[in-house]
Protein chains: 2
Amino acid sequence: MKFEVTILGNSSATPIFSRNPTSQILNINESLLMIDCGEGTQQQMLLYEIKYNRISDIFISHLHGDHFFGLIGLISSMNLNGRRKPLNLFGPQGLLDIIQIQLKYSDTRLIFDLNFTALDPNNTGLVYETRDFTVETIPLNHRIPCTGFIVREKQRQRKILKEKVEKLNIPPEYYPLIKRGIDYTDSSGYVYKAFDLTTEADVPKAYAYCSDTLLDERYINKLTKVDTLYHEATFLHDMIDRAKETHHSTALEAATVAKKIGAKKLLIGHFSARYKDLGALLQEARSVFSNTQIANQGQVFEI
Amino acid sequence: MKFEVTILGNSSATPIFSRNPTSQILNINESLLMIDCGEGTQQQMLLYEIKYNRISDIFISHLHGDHFFGLIGLISSMNLNGRRKPLNLFGPQGLLDIIQIQLKYSDTRLIFDLNFTALDPNNTGLVYETRDFTVETIPLNHRIPCTGFIVREKQRQRKILKEKVEKLNIPPEYYPLIKRGIDYTDSSGYVYKAFDLTTEADVPKAYAYCSDTLLDERYINKLTKVDTLYHEATFLHDMIDRAKETHHSTALEAATVAKKIGAKKLLIGHFSARYKDLGALLQEARSVFSNTQIANQGQVFEI
């Protein structure tokens with residue numbers, strides 16, 4: 001099953017050096033889920049050729065502009081392009097007010113259903129579930145209410161041993177039943193155990209998104225069984241005082257979190273405008289957690 | 001005196017083909033005035049190296065998103081970058097509500113004064129005046145309240161004949177007085193007429209901005225003594241029915257307006273996403289008004 005993330009922006013606060021504010025898109029078995037939507041996100045999607053009407057769900061972590069100023073434009077463009085399928089939107093309560101006032105003044109009536117769910121940063125946990133995945137919120141520690149997200153693939157069914165079932169001439173219409181654990185009985189009455197006709201499913205994977213936040217045990221403790229961790233790394237560690245003051249993290253801290261939770265891969269982003277070159281941030285994180293990568297715009301990372 | 005316009009976006013409705021939504025910046029004697037501010041305008045300013053803290057005044061024509069979705073991001077960035085000088089903002093009443101609700105939820109307090117003036121599309125005329133220029137609103141005909149703008153240079157003082165005053169050893173501190181029409185008397189009592197020590201000032205120029213609008217005599221009649229006309233040209237004239245239905249203009253109509261008001265130059269913009277190539281729009285406008293140019297992004301036009 002496909003499970004990957006495309007980075008659309010990695011800048012903090014303001015766009016700079018052609019780096020756009022935060023936004024990323026998860027592709028989970030061809031279902032597209034967006035996390036955060038800074039200004040210019042729809043332009044980034046055009047650039048990287050991601051059709052915005054393919055997005056089913058949008059999650060907004062908090063109401064600092066670099067994480068949501070692009071949302072109203074994206075929603076408007078979906079509408080102008082004739083979207084009909086519903087859009088599920090999750091974010092702080094105020095987000096809906098912000099969207100509605102702009103729709104009101106522009107005299108716009110959405111032609112698709114916008115299903116809004118308010119996220120409560122004091123009440124985190126499972127907030128969304130589809131056939132293929134779940135989304136949990138985790139409590140981040142920022143200047144305003146802010147939640148992180150863990151997106152987990154669900155346990156898949158066992159996989160058919162194709163060569164074996166073909167050799168036994170088992171009709172393909174039985175495959176879904178066998179995958180669900182139902183044994184197959186042939187015309188002579190012989191029973192083939194479903195378990196023997198299948199092999200183990202892929203281990204489900206999980207992606208965690210932590211931005212923006214001060215280091216805090218409360219969210220770190222929630223980061224269990226995470227394969228790929230995206231963690232903000234606004235500053236180098238020599239700016240730790242500034243990081244604390246603004247409720248952000250350093251590259252070193254992001255790597256410490258990845259190491260502590262036993263992640264397999266770390267992506268860092270949300271870089272301060274003071275860093276034109278990102279090499280030092282990467283180096284610092286890698287000194288603690290070697291499989292760190294810069295969340296470069298346009299890059300696709302397998303979870 | 002410098003009087004020029006830089007185009008930051010020329011797309012209608014949604015960004016497409018690397019064309020951003022509408023925004024432009026007038027430089028009037030080194031004072032920067034922005035008209036409209038679609039999403040991604042601050043990114044365009046970075047690209048074209050225009051410092052956004054140099055902007056003194058912003059005028060928003062109407063509350064369709066492609067004309068203002070970039071404003072909150074621009075204001076936020078000005079704030080994050082430590083702007084202190086006041087910003088004068090002119091636009092429909094609702095604009096202030098839209099800005100304020102976003103500042104509220106992001107817990108942002110602006111560190112500069114945002115001086116807002118609500119524009120009333122039913123009461124057009126002079127709305128702003130500085131030492132160097134005036135701004136008038138004109139009533140456009142769109143689906144929601146919409147105003148156009150005429151920015152006029154003020155009549156300048158006569159210019160000193162430098163060679164003449166230097167030859168006469170007139171001290172430079174008298175130049176401002178002479179320019180204001182005060183005669184100069186030398187130590188022997190001889191009077192030099194200010195008129196003879198000066199020459200005519202440049203003729204003041206005017207720039208008119210008309211977007212978005214259906215063709216309408218009411219605004220055309222206000223377009224007097226305009227040198228450069230920017231007029232939207234969303235469609236080719238074979239789409240006239242669609243233009244009327246959506247309260248927009250065609251390239252042919254834009255050119256007809258330029259011809260009728262005796263403009264010297266026409267810039268067309270606000271192009272529909274159906275036109276990847278803009279050649280036909282230019283050709284159509286030039287068939288009526290030869291000095292037409294496409295308002296290309298990043299291009300600077302002298303008024």
# chains A, B, ... in the order shown; residues from 1 in each chain; ligands from 1
>>> residues_around(residues="segment 61-73 of chain B", least_positions_apart="4", cutoff="9 Å", atoms="only C-alpha atoms", output="number ranges by chain")
A: 14, 39-40, 65-66, 69-70, 72-73, 76, 102-103, 105-108; B: 11-15, 20-23, 35-42, 77-78, 90-92, 94-95, 98-99, 102-103, 119, 144-149, 210-212
>>> select_by_dssp(residues="segment 38-283 of chain B", states="strand (DSSP E or B)", output="ChimeraX atom specification")
/B:55-59,87-91,114-118,126-129,133-139,147-153,159-160,184-185,191-192,198-199,206-210,228-232,235,250,265-269,271
>>> closest_residue(among="B:Ala263, B:Leu47, B:Val300, B:Met1", to="chain A", atoms="only C-alpha atoms")
B:Leu47
>>> closest_atom_pairs(of="segment 112-205 of chain B", to="segment 218-238 of chain B", cutoff="8 Å", atoms="only C-alpha atoms", output="tab-separated table")
residue	atom	partner	partner_atom	distance
B:Ile138	CA	B:Tyr219	CA	5.9
B:Pro139	CA	B:Tyr219	CA	5.6
B:Leu140	CA	B:Tyr219	CA	6.0
B:Ile150	CA	B:Leu223	CA	7.9
B:Lys205	CA	B:Asp227	CA	6.1
>>> closest_residue(among="A:Lys85, A:Lys259, A:Lys162, A:His142", to="chain B", atoms="only C-alpha atoms")
A:His142
>>> decode(residues="segment 159-188 of chain B", atoms="N, CA, C and O atoms", output="mmCIF file, in the first residue's frame")
data_model
loop_
_atom_site.group_PDB
_atom_site.id
_atom_site.type_symbol
_atom_site.label_atom_id
_atom_site.label_comp_id
_atom_site.auth_asym_id
_atom_site.auth_seq_id
_atom_site.Cartn_x
_atom_site.Cartn_y
_atom_site.Cartn_z
ATOM 1 N N LYS B 159 10.271 74.081 -12.664
ATOM 2 C CA LYS B 159 11.639 73.586 -12.433
ATOM 3 C C LYS B 159 12.665 74.700 -12.589
ATOM 4 O O LYS B 159 12.591 75.519 -13.517
ATOM 5 N N ILE B 160 13.626 74.728 -11.676
ATOM 6 C CA ILE B 160 14.717 75.708 -11.710
ATOM 7 C C ILE B 160 15.546 75.537 -12.988
ATOM 8 O O ILE B 160 15.849 74.407 -13.382
ATOM 9 N N LEU B 161 15.893 76.637 -13.607
ATOM 10 C CA LEU B 161 16.838 76.592 -14.729
ATOM 11 C C LEU B 161 18.242 76.621 -14.116
ATOM 12 O O LEU B 161 18.791 77.682 -13.831
ATOM 13 N N LYS B 162 18.797 75.472 -13.898
ATOM 14 C CA LYS B 162 19.994 75.321 -13.080
ATOM 15 C C LYS B 162 21.172 76.170 -13.600
ATOM 16 O O LYS B 162 21.839 76.872 -12.826
ATOM 17 N N GLU B 163 21.385 76.100 -14.912
ATOM 18 C CA GLU B 163 22.513 76.812 -15.498
ATOM 19 C C GLU B 163 22.414 78.324 -15.241
ATOM 20 O O GLU B 163 23.385 78.988 -14.884
ATOM 21 N N LYS B 164 21.181 78.820 -15.352
ATOM 22 C CA LYS B 164 20.915 80.253 -15.207
ATOM 23 C C LYS B 164 21.149 80.729 -13.769
ATOM 24 O O LYS B 164 21.841 81.720 -13.544
ATOM 25 N N VAL B 165 20.577 80.005 -12.799
ATOM 26 C CA VAL B 165 20.711 80.462 -11.403
ATOM 27 C C VAL B 165 22.155 80.330 -10.913
ATOM 28 O O VAL B 165 22.629 81.123 -10.108
ATOM 29 N N GLU B 166 22.876 79.321 -11.443
ATOM 30 C CA GLU B 166 24.279 79.149 -11.040
ATOM 31 C C GLU B 166 25.133 80.293 -11.584
ATOM 32 O O GLU B 166 25.999 80.829 -10.897
ATOM 33 N N LYS B 167 24.813 80.680 -12.833
ATOM 34 C CA LYS B 167 25.562 81.764 -13.475
ATOM 35 C C LYS B 167 25.364 83.085 -12.720
ATOM 36 O O LYS B 167 26.268 83.889 -12.583
ATOM 37 N N LEU B 168 24.139 83.222 -12.167
ATOM 38 C CA LEU B 168 23.793 84.437 -11.421
ATOM 39 C C LEU B 168 24.230 84.358 -9.956
ATOM 40 O O LEU B 168 23.984 85.273 -9.176
ATOM 41 N N ASN B 169 24.882 83.217 -9.592
ATOM 42 C CA ASN B 169 25.335 83.015 -8.206
ATOM 43 C C ASN B 169 24.218 83.147 -7.178
ATOM 44 O O ASN B 169 24.419 83.660 -6.077
ATOM 45 N N ILE B 170 23.028 82.672 -7.536
ATOM 46 C CA ILE B 170 21.917 82.682 -6.571
ATOM 47 C C ILE B 170 22.122 81.523 -5.616
ATOM 48 O O ILE B 170 22.287 80.380 -6.056
ATOM 49 N N PRO B 171 22.154 81.775 -4.318
ATOM 50 C CA PRO B 171 22.402 80.698 -3.352
ATOM 51 C C PRO B 171 21.307 79.622 -3.426
ATOM 52 O O PRO B 171 20.121 79.966 -3.522
ATOM 53 N N PRO B 172 21.709 78.330 -3.357
ATOM 54 C CA PRO B 172 20.752 77.220 -3.516
ATOM 55 C C PRO B 172 19.591 77.268 -2.525
ATOM 56 O O PRO B 172 18.511 76.760 -2.840
ATOM 57 N N GLU B 173 19.771 77.859 -1.335
ATOM 58 C CA GLU B 173 18.667 77.900 -0.366
ATOM 59 C C GLU B 173 17.483 78.725 -0.889
ATOM 60 O O GLU B 173 16.388 78.635 -0.346
ATOM 61 N N TYR B 174 17.703 79.536 -1.943
ATOM 62 C CA TYR B 174 16.592 80.309 -2.521
ATOM 63 C C TYR B 174 15.802 79.497 -3.550
ATOM 64 O O TYR B 174 14.704 79.884 -3.929
ATOM 65 N N TYR B 175 16.369 78.371 -4.017
ATOM 66 C CA TYR B 175 15.714 77.611 -5.105
ATOM 67 C C TYR B 175 14.275 77.219 -4.754
ATOM 68 O O TYR B 175 13.365 77.393 -5.580
ATOM 69 N N PRO B 176 14.050 76.663 -3.523
ATOM 70 C CA PRO B 176 12.662 76.278 -3.210
ATOM 71 C C PRO B 176 11.700 77.460 -3.270
ATOM 72 O O PRO B 176 10.555 77.311 -3.685
ATOM 73 N N LEU B 177 12.183 78.645 -2.863
ATOM 74 C CA LEU B 177 11.323 79.833 -2.902
ATOM 75 C C LEU B 177 11.033 80.232 -4.349
ATOM 76 O O LEU B 177 9.890 80.533 -4.706
ATOM 77 N N ILE B 178 12.068 80.205 -5.152
ATOM 78 C CA ILE B 178 11.898 80.570 -6.570
ATOM 79 C C ILE B 178 10.923 79.616 -7.247
ATOM 80 O O ILE B 178 10.044 80.036 -8.014
ATOM 81 N N LYS B 179 11.068 78.296 -6.920
ATOM 82 C CA LYS B 179 10.167 77.310 -7.515
ATOM 83 C C LYS B 179 8.713 77.590 -7.130
ATOM 84 O O LYS B 179 7.777 77.316 -7.886
ATOM 85 N N ARG B 180 8.550 78.138 -5.921
ATOM 86 C CA ARG B 180 7.195 78.468 -5.470
ATOM 87 C C ARG B 180 6.700 79.795 -6.054
ATOM 88 O O ARG B 180 5.597 80.255 -5.737
ATOM 89 N N GLY B 181 7.563 80.483 -6.858
ATOM 90 C CA GLY B 181 7.097 81.680 -7.557
ATOM 91 C C GLY B 181 7.550 82.992 -6.919
ATOM 92 O O GLY B 181 7.103 84.072 -7.317
ATOM 93 N N ILE B 182 8.427 82.907 -5.914
ATOM 94 C CA ILE B 182 8.893 84.127 -5.235
ATOM 95 C C ILE B 182 10.119 84.674 -5.978
ATOM 96 O O ILE B 182 11.104 83.952 -6.188
ATOM 97 N N ASP B 183 10.052 85.939 -6.373
ATOM 98 C CA ASP B 183 11.147 86.553 -7.131
ATOM 99 C C ASP B 183 12.392 86.658 -6.256
ATOM 100 O O ASP B 183 12.315 86.707 -5.026
ATOM 101 N N TYR B 184 13.567 86.737 -6.922
ATOM 102 C CA TYR B 184 14.828 86.829 -6.187
ATOM 103 C C TYR B 184 15.432 88.228 -6.380
ATOM 104 O O TYR B 184 15.551 88.710 -7.514
ATOM 105 N N THR B 185 15.790 88.848 -5.250
ATOM 106 C CA THR B 185 16.409 90.182 -5.317
ATOM 107 C C THR B 185 17.874 90.064 -4.907
ATOM 108 O O THR B 185 18.167 89.545 -3.813
ATOM 109 N N ASP B 186 18.800 90.513 -5.792
ATOM 110 C CA ASP B 186 20.222 90.360 -5.420
ATOM 111 C C ASP B 186 20.680 91.510 -4.528
ATOM 112 O O ASP B 186 19.901 92.430 -4.227
ATOM 113 N N SER B 187 21.941 91.490 -4.117
ATOM 114 C CA SER B 187 22.451 92.462 -3.142
ATOM 115 C C SER B 187 22.370 93.909 -3.649
ATOM 116 O O SER B 187 22.250 94.857 -2.880
ATOM 117 N N SER B 188 22.389 94.073 -5.009
ATOM 118 C CA SER B 188 22.288 95.422 -5.563
ATOM 119 C C SER B 188 20.836 95.890 -5.677
ATOM 120 O O SER B 188 20.579 96.990 -6.129
#
